[in-house]
Every structure is written in C-alpha cells, then in structure tokens.
Amino acid sequence: MKGPVFLRRYQQVEKNELPPRYNICRLVPVSFEKTASLEELWGIHQVKMQDYRKLLASIDANGYDPCLSMPRSSLLDLKVAIVKKMLEDCHFCERRCGVNRKENQKGHCRVGAVSGYASEFLHTGEEPELVPSHTIFFTGCVFSCIYCQNWDIATHPETGKIADPIELAKLIEKRRMQGSRNINFVTPTPHPHVILRTISNLSVNVPVIWNSNMYHSKEMGELLEGVVDVYLADLRYGNDECAEKYSKVNNYSKIVTENLARAYVDAEILLRHLVLPGHVDCCTQPVVKWIEEHIPHVRFNPMFQYTPHYIAYKYPEMNRRLTVQEIEKTIEIVLSSGLEDVLL
C-alpha cells in the first residue's frame, strides 16, 4: 500500500500552506518570570497550552491570518525556559537519572553540559515523503542496543561538533533554501534544550521531525506538543523482556506506547518497526496488533534491514540477518491487519 494517507498536515506545512506547530506556539502570548520555579512555569504552561490548541484548530480550519503578530514573550519561550530548568535535574527520558547536566554531570546517555552532533546533511534515504530531509545526527543515546549501527556516536557523545542553537538554526535555514522538506532531529532525547532553542531561532517555516525511540519522559512529551509536526518514531519490541535484554531499558512497553498515544493526539506519526531475527512472534505480531488497536491512522514502515552491528556477535541468536521466511511472515501479519497506510 502506497501514498501518504495520514501525513496531510505535514505536506501542507512543507509547502508553506500552513505554519508549523512551533510558529503557532510563537503566536501565544505568555508572561513569566525567569526566576520562577519549575512548578510555577509548568502551571503557566498547562493554561497556555489550552490557548495553543484553540489557535491550532482555528488556523487548520480557517487558514493562517497574516495580521496576527508575535508577542514579545511566547509559549515557545516558556517551553525553552522549562527545558532549561529540567537540565538541572535531568529527566528528559524515563531513566530519570536526575543529574545536574549544567554542572556537567552525566547520566546513562553520557551527555553532559555540552551537546554534540556527528553530521548534518540532506538525506535521501528516508521515507519517500520526507526526502530530501535535513537530518541532524546527535551524539549519545538513552538506549544501549547490542546491535546499534551508530554505536560509535551513540556511545561516544563527546565526538562530533558542538551543537550551538544559533549556528544550527542558520544551517536549517540554509538547507531549507537548498530544498529540504523538513528538519529531522535524529536521536533527540538527550538534547531537547538545544533543539528547542534552535527552533526558537528559526526565521523560516519548516516541519519539525522528531526521529526518536520514544523513550522520553512524560514531561518531555508535554513540552513537545506544539513543537513537533511529525514523530518519526520507533516501536521495536512487543514486550519488556526483549527490550531489557537487547536495549537495556526497563518498562519499555508502557513508556513507549503511552508516548505514542500522547503524540497521536497532537501530531502526525510515521512509525517504524525494525524486524529482529527470531522476534516476529514475540515482538512484530504484538506491535502490529497494538498499532491497529490504538493508533491506526499512522504511516507504518516495517523495516527488514537488520544487520548484527556492534556487539551482536556476543548474542548468537541475534548474530544473523532475517530469513526469507521471517520477512514473508511479517508481510503477511501487516497485510492481514487493519492498517491502511503501510510502506512495503
């Protein structure tokens, strides 16, 4: 089945027919003190998000009014202030390490005070409706996948270039003029403080893609509403045991599915599922069933390119490619589901 059935708003933003969500946040006036506590800022955020939702619905229904002026201080500025304070007791992801990254303390992702990125370029290898996609590959990761193909940058976040928000915003604007259809933040979970500041410095319309394993915290999910246009999300495991064994994460199913369900209400989702060898029954089948029952209106991409990278050789059952039978069974599971927009 082909065709971007459920990415219609993204296409309108990409063609400058509608504003991206972050520019709608910019239209919501907010007054707050920079010295306010995190609890006080969250209280203001909760109230102002109601204004954002009303404005989003109005613009999507009636079009954008160019007479609307941006306030001196906006909901987007408030989100930047909140995420900056969260850095002092880091709970960007559900590992909730609680370290003070402003003091360069480091948790599981190994990212301290300074964020880095390994590369940025116009990517032509993503899903058809995204390319050319301006991808920024950040370093560090909240997972520890034993088969990670980007293990060199995931396990060594000190590598790469410093992610400066003003410079990144200029790069995004440059790539947009060169024909990018979106800005695609890859492995963003350790870096929302940099990403939100980067977005706040943009002077162009560009859809925001959050290319993620969806293990972010509930608080981050609330902040990302009004910022992300499309979640290029991954739902890989159908149970917690496999997730813990191969990616070293706890409570995977509850956290990731709750984040997907929350994202489904506000944004559009292009959902990837990397099929793992020997995991069609325990992971692929329950994943497809959950999607069908809870978030059916997504663009779904089952991926068959698993390769045993990094330390997969230490796990004999994972030290191989998929068989033809596993691929065929996955296709059968997907085609027999009720999903309407599948990339095969």
# chains A, B, ... in the order shown; residues from 1 in each chain; ligands from 1
call {"tool": "select_by_dssp", "arguments": {"residues": "segment 173-333 of chain A", "states": "helix (DSSP H, G or I)", "output": "ChimeraX atom specification"}}
result
/A:173-177,192-200,218-224,240-247,252-266,280-294,312-314,316-318,324-333
call {"tool": "residues_around", "arguments": {"residues": "Ser73 of chain A", "least_positions_apart": "5", "cutoff": "12 Å", "atoms": "only C-alpha atoms", "output": "ChimeraX atom specification"}}
result
/A:25-34,78-81,200
call {"tool": "closest_residue", "arguments": {"among": "A:Glu258, A:Glu17, A:Asp89, A:Asp229", "to": "Tyr64 of chain A", "atoms": "only C-alpha atoms"}}
result
A:Glu17
call {"tool": "residues_around", "arguments": {"residues": "Lys218 of chain A", "least_positions_apart": "6", "cutoff": "10 Å", "atoms": "only C-alpha atoms", "output": "PyMOL selection string"}}
result
chain A and resi 91-94+224+255+258-259+262
call {"tool": "select_by_dssp", "arguments": {"residues": "segment 7-206 of chain A", "states": "strand (DSSP E)", "output": "list of chain:residue names"}}
result
A:Gly116, A:Tyr117, A:Ala118, A:Ser119, A:Glu120, A:Phe121, A:Leu122, A:His123, A:Ser133, A:His134, A:Thr135, A:Ile136, A:Phe137, A:Phe138, A:Lys161, A:Ile162, A:Ile183, A:Asn184, A:Phe185, A:Val186
call {"tool": "write_last_selection", "arguments": {"atoms": "N, CA and C atoms", "output": "PDB file, in the first residue's frame"}}
result
ATOM      1  N   GLY A 116      26.374  17.497  21.356  1.00  0.00           N
ATOM      2  CA  GLY A 116      27.108  17.428  20.102  1.00  0.00           C
ATOM      3  C   GLY A 116      26.311  16.744  19.019  1.00  0.00           C
ATOM      4  N   TYR A 117      26.719  16.989  17.774  1.00  0.00           N
ATOM      5  CA  TYR A 117      26.113  16.266  16.657  1.00  0.00           C
ATOM      6  C   TYR A 117      27.218  15.759  15.737  1.00  0.00           C
ATOM      7  N   ALA A 118      26.981  14.587  15.164  1.00  0.00           N
ATOM      8  CA  ALA A 118      28.007  13.937  14.353  1.00  0.00           C
ATOM      9  C   ALA A 118      28.005  14.425  12.917  1.00  0.00           C
ATOM     10  N   SER A 119      26.806  14.725  12.391  1.00  0.00           N
ATOM     11  CA  SER A 119      26.707  15.148  10.991  1.00  0.00           C
ATOM     12  C   SER A 119      25.380  15.828  10.743  1.00  0.00           C
ATOM     13  N   GLU A 120      25.316  16.589   9.665  1.00  0.00           N
ATOM     14  CA  GLU A 120      24.062  17.159   9.177  1.00  0.00           C
ATOM     15  C   GLU A 120      24.162  17.233   7.660  1.00  0.00           C
ATOM     16  N   PHE A 121      23.090  16.828   6.988  1.00  0.00           N
ATOM     17  CA  PHE A 121      23.113  16.803   5.523  1.00  0.00           C
ATOM     18  C   PHE A 121      21.701  16.587   4.998  1.00  0.00           C
ATOM     19  N   LEU A 122      21.544  16.746   3.696  1.00  0.00           N
ATOM     20  CA  LEU A 122      20.278  16.455   3.046  1.00  0.00           C
ATOM     21  C   LEU A 122      20.216  14.961   2.771  1.00  0.00           C
ATOM     22  N   HIS A 123      19.402  14.269   3.522  1.00  0.00           N
ATOM     23  CA  HIS A 123      19.314  12.807   3.494  1.00  0.00           C
ATOM     24  C   HIS A 123      18.287  12.380   2.444  1.00  0.00           C
ATOM     25  N   SER A 133      15.534  15.158   3.247  1.00  0.00           N
ATOM     26  CA  SER A 133      15.304  15.503   4.647  1.00  0.00           C
ATOM     27  C   SER A 133      16.600  16.034   5.253  1.00  0.00           C
ATOM     28  N   HIS A 134      16.502  17.198   5.870  1.00  0.00           N
ATOM     29  CA  HIS A 134      17.686  17.746   6.533  1.00  0.00           C
ATOM     30  C   HIS A 134      17.861  17.052   7.875  1.00  0.00           C
ATOM     31  N   THR A 135      18.736  16.082   7.922  1.00  0.00           N
ATOM     32  CA  THR A 135      18.945  15.290   9.124  1.00  0.00           C
ATOM     33  C   THR A 135      20.133  15.827   9.928  1.00  0.00           C
ATOM     34  N   ILE A 136      19.915  15.930  11.232  1.00  0.00           N
ATOM     35  CA  ILE A 136      20.997  16.262  12.158  1.00  0.00           C
ATOM     36  C   ILE A 136      21.140  15.086  13.109  1.00  0.00           C
ATOM     37  N   PHE A 137      22.266  14.392  13.035  1.00  0.00           N
ATOM     38  CA  PHE A 137      22.516  13.212  13.853  1.00  0.00           C
ATOM     39  C   PHE A 137      23.222  13.629  15.143  1.00  0.00           C
ATOM     40  N   PHE A 138      22.469  13.636  16.242  1.00  0.00           N
ATOM     41  CA  PHE A 138      23.047  13.977  17.534  1.00  0.00           C
ATOM     42  C   PHE A 138      23.803  12.781  18.113  1.00  0.00           C
ATOM     43  N   LYS A 161      30.648  17.734  16.489  1.00  0.00           N
ATOM     44  CA  LYS A 161      30.697  19.190  16.639  1.00  0.00           C
ATOM     45  C   LYS A 161      29.777  19.631  17.773  1.00  0.00           C
ATOM     46  N   ILE A 162      30.110  20.758  18.370  1.00  0.00           N
ATOM     47  CA  ILE A 162      29.253  21.332  19.410  1.00  0.00           C
ATOM     48  C   ILE A 162      27.961  21.814  18.772  1.00  0.00           C
ATOM     49  N   ILE A 183      13.075  19.495   8.869  1.00  0.00           N
ATOM     50  CA  ILE A 183      14.255  19.364   9.715  1.00  0.00           C
ATOM     51  C   ILE A 183      14.052  18.125  10.565  1.00  0.00           C
ATOM     52  N   ASN A 184      14.988  17.204  10.487  1.00  0.00           N
ATOM     53  CA  ASN A 184      14.866  15.860  11.037  1.00  0.00           C
ATOM     54  C   ASN A 184      15.909  15.689  12.145  1.00  0.00           C
ATOM     55  N   PHE A 185      15.451  15.813  13.404  1.00  0.00           N
ATOM     56  CA  PHE A 185      16.358  15.679  14.548  1.00  0.00           C
ATOM     57  C   PHE A 185      16.467  14.206  14.930  1.00  0.00           C
ATOM     58  N   VAL A 186      17.639  13.614  14.728  1.00  0.00           N
ATOM     59  CA  VAL A 186      17.851  12.192  14.948  1.00  0.00           C
ATOM     60  C   VAL A 186      18.484  11.960  16.323  1.00  0.00           C
TER      61      VAL A 186
END
call {"tool": "residues_around", "arguments": {"residues": "segment 319-323 of chain A", "least_positions_apart": "2", "cutoff": "12 Å", "atoms": "only C-alpha atoms", "output": "number ranges by chain"}}
result
A: 146-147, 274-280, 303-317, 325-330
